[in-house]
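The structure under discussion appears below in the form of structure tokens.
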Amino acid sequence: MTPMPRLLLWCTLFGVAFGYIEGAVVVYLRELLYPAGFAFPLADIPPRLLQVELARELATLLLLWAFARVAVTGAMRQFAVFAFCFGVWDIVYYLTLKLWLGWPASILDWDVLFLIPVPWLAPVLAPVLVSVALIAAAAVLLYATELVIRPLDWAVEVAAGALILASFFTEVPALAAGEAPRDYPWALFSVGWAGGVAWFAWRALRARR
């Protein structure tokens, strides 16, 4: 097996194992906080448990980055490994919840994606689409050595990511008011996601020529 497929194999195995661990932790949390099944409005989380959860989220990102740091050399390759593992981890996380909890019943069910600095809210389909894009882009970055990421490319992708993040925050006021999220701005998400994917694909195709 050539070095690159071997690298992606180990990245995939790491992402799968870590995604299952993450999902298992949330299975335990939902047994404690939502014995009748996860639903909005959210149950009150005891302050100490919330602190533990926030620290766990930070530890998750640190572990993904630490793996990337020891897996390859070079800042761009490390970023690609991080993005690849993040995408696999996130998808396997949802598959684990589906396996053990039967949730989500639909890919349009709402979820809390992250808690820092405020809760991120979106239907499950949104983070899964982001993860698919991250996996594909990371694989291209690792294989396509001729692709040079310019400052303009970073600016476009950061702007696209900002639109996606903005879509995750639109229902925070409803959550703060003790209400269930209702209207996800798919148009805002789609502009960010499709714009970022299209720009990266265009740059990758031009590099191959």
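In the structure tokens, chains take the letters A, B, ... in the order shown, each chain's residues start at 1, and ligands count up from 1 in the order shown.
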Inset, instruction - Write out as a PyMOL selection string all residues of stretch 145-209 of chain A that DSSP puts in alpha helix (DSSP H) for this structure's backbone. - result: chain A and resi 151-169+172-176+186-208
With a cut-off of 12 Å, could you pull out the residues of stretch 42-131 of chain A touching stretch 137-148 of chain A and give me the nearest pair of atoms for each, distance in Å to one decimal, using only C-alpha atoms, ordered by chain and ascending number, as a tab-separated table?
residue	atom	partner	partner_atom	distance
A:Ala68	CA	A:Ala138	CA	11.8
A:Val72	CA	A:Leu142	CA	10.1
A:Thr73	CA	A:Leu142	CA	11.3
A:Gly74	CA	A:Leu142	CA	10.9
A:Ala75	CA	A:Leu142	CA	11.6
A:Met76	CA	A:Leu141	CA	7.9
A:Arg77	CA	A:Leu142	CA	6.2
A:Gln78	CA	A:Leu142	CA	9.3
A:Phe79	CA	A:Ala138	CA	8.0
A:Ala80	CA	A:Ala138	CA	4.5
A:Val81	CA	A:Ala138	CA	6.6
A:Phe82	CA	A:Ala138	CA	8.3
A:Ala83	CA	A:Ala138	CA	6.0
A:Phe84	CA	A:Ala138	CA	5.4
A:Cys85	CA	A:Ala138	CA	9.1
A:Phe86	CA	A:Ala138	CA	10.1
A:Gly87	CA	A:Ala138	CA	9.3
A:Val88	CA	A:Ala138	CA	11.1
A:Val130	CA	A:Ala137	CA	10.5
A:Ser131	CA	A:Ala137	CA	9.8
Restricting it to C-alpha atoms, dump the selection as a PDB file, in the first residue's frame.
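Result file is selection.pdb:
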ATOM      1  CA  ALA A  68      -2.907  15.692  12.718  1.00  0.00           C
ATOM      2  CA  VAL A  72       2.140  14.382   8.905  1.00  0.00           C
ATOM      3  CA  THR A  73       4.485  17.332   8.553  1.00  0.00           C
ATOM      4  CA  GLY A  74       3.695  20.703   7.030  1.00  0.00           C
ATOM      5  CA  ALA A  75       0.974  23.078   8.143  1.00  0.00           C
ATOM      6  CA  MET A  76      -1.278  22.536   5.110  1.00  0.00           C
ATOM      7  CA  ARG A  77      -1.061  18.752   5.282  1.00  0.00           C
ATOM      8  CA  GLN A  78      -1.752  18.868   9.010  1.00  0.00           C
ATOM      9  CA  PHE A  79      -4.794  21.042   8.378  1.00  0.00           C
ATOM     10  CA  ALA A  80      -5.975  18.561   5.737  1.00  0.00           C
ATOM     11  CA  VAL A  81      -5.605  15.611   8.117  1.00  0.00           C
ATOM     12  CA  PHE A  82      -7.482  17.527  10.807  1.00  0.00           C
ATOM     13  CA  ALA A  83     -10.318  18.332   8.372  1.00  0.00           C
ATOM     14  CA  PHE A  84     -10.463  14.744   7.101  1.00  0.00           C
ATOM     15  CA  CYS A  85     -10.608  13.241  10.593  1.00  0.00           C
ATOM     16  CA  PHE A  86     -13.118  15.870  11.728  1.00  0.00           C
ATOM     17  CA  GLY A  87     -15.444  14.977   8.868  1.00  0.00           C
ATOM     18  CA  VAL A  88     -15.241  11.232   9.478  1.00  0.00           C
ATOM     19  CA  VAL A 130     -20.092  20.175   5.867  1.00  0.00           C
ATOM     20  CA  SER A 131     -18.322  16.971   6.917  1.00  0.00           C
TER      21      SER A 131
END
Legend entry - From A:Ile21, A:Ala177, A:Leu61, A:Ile164, residue lying nearest A:Gly196 [only C-alpha atoms]: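 Nearest to A:Gly196: A:Ile164.
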Inset, instruction - Please measure the separation of atom CA of A:Leu113 and atom CA of A:Ala159, giving the value in Å to one decimal. - result: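 Result for atom CA of A:Leu113 versus atom CA of A:Ala159: 20.0 Å, one decimal.
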Could you make a table, as JSON lines, of the residues of stretch 44-85 of chain A that have an atom within 12 Å of an atom of stretch 28-31 of chain A, each with its nearest atom pair and distance in Å to one decimal, counting only C-alpha atoms, in chain and number order?
{"residue": "A:Ile45", "atom": "CA", "partner": "A:Leu29", "partner_atom": "CA", "distance": 10.1}
{"residue": "A:Pro46", "atom": "CA", "partner": "A:Leu29", "partner_atom": "CA", "distance": 11.8}
{"residue": "A:Leu49", "atom": "CA", "partner": "A:Leu29", "partner_atom": "CA", "distance": 9.6}
{"residue": "A:Leu50", "atom": "CA", "partner": "A:Leu29", "partner_atom": "CA", "distance": 10.9}
{"residue": "A:Val52", "atom": "CA", "partner": "A:Leu29", "partner_atom": "CA", "distance": 11.5}
{"residue": "A:Glu53", "atom": "CA", "partner": "A:Leu29", "partner_atom": "CA", "distance": 9.7}
Could you dump the residues just selected with N, CA and C atoms as a CSV table (one decimal), in the first residue's frame?
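Result file again22.csv:
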chain,number,residue,atom,x,y,z
A,45,ILE,N,-29.2,21.8,32.0
A,45,ILE,CA,-28.0,21.0,32.3
A,45,ILE,C,-27.4,21.6,33.6
A,46,PRO,N,-27.2,20.7,34.6
A,46,PRO,CA,-26.6,21.2,35.8
A,46,PRO,C,-25.3,21.9,35.5
A,49,LEU,N,-22.1,19.8,35.2
A,49,LEU,CA,-22.1,18.9,34.1
A,49,LEU,C,-21.9,19.8,32.8
A,50,LEU,N,-22.4,21.0,32.8
A,50,LEU,CA,-22.1,21.9,31.6
A,50,LEU,C,-20.7,22.2,31.5
A,52,VAL,N,-18.2,20.4,32.5
A,52,VAL,CA,-17.5,19.2,32.0
A,52,VAL,C,-17.7,19.0,30.5
A,53,GLU,N,-18.9,19.3,30.0
A,53,GLU,CA,-19.2,19.2,28.6
A,53,GLU,C,-18.4,20.2,27.8
Inset, instruction - Choose the residue, out of A:Ala39, A:Ser167, A:Ser106, A:Phe189, that has the smallest atom-to-atom separation from A:Trp120; count only C-alpha atoms. - result: A:Ser167
Inset, instruction - Work out how far apart atom CA of A:Ala166 and atom CA of A:Val197 are and give it in Å to one decimal. - result: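 Rounded to one decimal, the two atoms are 17.2 Å apart.
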Legend entry - For atom CA of A:Leu108 and atom CA of A:Val26, the interatomic separation in Å (one decimal):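 Rounded to one decimal, the two atoms are 19.0 Å apart.
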Inset, instruction - Name the closest residue to A:Gly19 among the candidates A:Ile91, A:Ala36, A:Leu7, A:Leu63; distances are taken between atoms, counting only C-alpha atoms. - result: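 Result for the nearest residue to A:Gly19: A:Ile91.
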Inset, instruction - Write out as number ranges by chain which residues come within 12 Å of A:Gly161 when counting only C-alpha atoms, dropping same-chain ones fewer than 5 positions away. - result: A: 127, 130, 133-134, 154-156, 166-168, 188-197
Inset, instruction - For A:Trp100, please output as a PyMOL selection string all residues within 12 Å (counting only C-alpha atoms; exclusion window: fewer than 4 positions along the same chain). - result: chain A and resi 20+23-28+30-31+37+93-96+104
Legend entry - Minimum-distance residue to A:Pro185, chosen among A:Met4, A:Leu121, A:Val132, A:Ala201 (using only C-alpha atoms):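 Using only C-alpha atoms, the shortest distance to A:Pro185 belongs to A:Leu121.
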Shell around stretch 169-176 of chain A at 9 Å using only C-alpha atoms, local window under 3 positions removed, as a JSON list (two decimals) with C-alpha atoms, in the first residue's frame:
[["chain", "number", "residue", "atom", "x", "y", "z"],
["A", 40, "PHE", "CA", -36.49, 20.61, 22.21],
["A", 41, "PRO", "CA", -36.78, 22.75, 24.29],
["A", 42, "LEU", "CA", -33.56, 21.56, 25.86],
["A", 118, "VAL", "CA", -23.03, 29.81, 22.33],
["A", 119, "PRO", "CA", -25.08, 26.80, 21.20],
["A", 120, "TRP", "CA", -24.86, 26.00, 17.48],
["A", 121, "LEU", "CA", -28.20, 24.75, 16.14],
["A", 122, "ALA", "CA", -29.04, 23.14, 12.81],
["A", 165, "LEU", "CA", -21.59, 29.48, 11.00],
["A", 166, "ALA", "CA", -24.05, 32.36, 10.84],
["A", 179, "GLU", "CA", -38.48, 27.55, 22.64],
["A", 180, "ALA", "CA", -37.78, 24.93, 20.02],
["A", 181, "PRO", "CA", -35.89, 26.04, 16.88],
["A", 182, "ARG", "CA", -38.14, 26.30, 13.85],
["A", 183, "ASP", "CA", -36.78, 28.04, 10.78],
["A", 184, "TYR", "CA", -33.33, 27.08, 9.55],
["A", 185, "PRO", "CA", -31.90, 29.51, 6.95]]
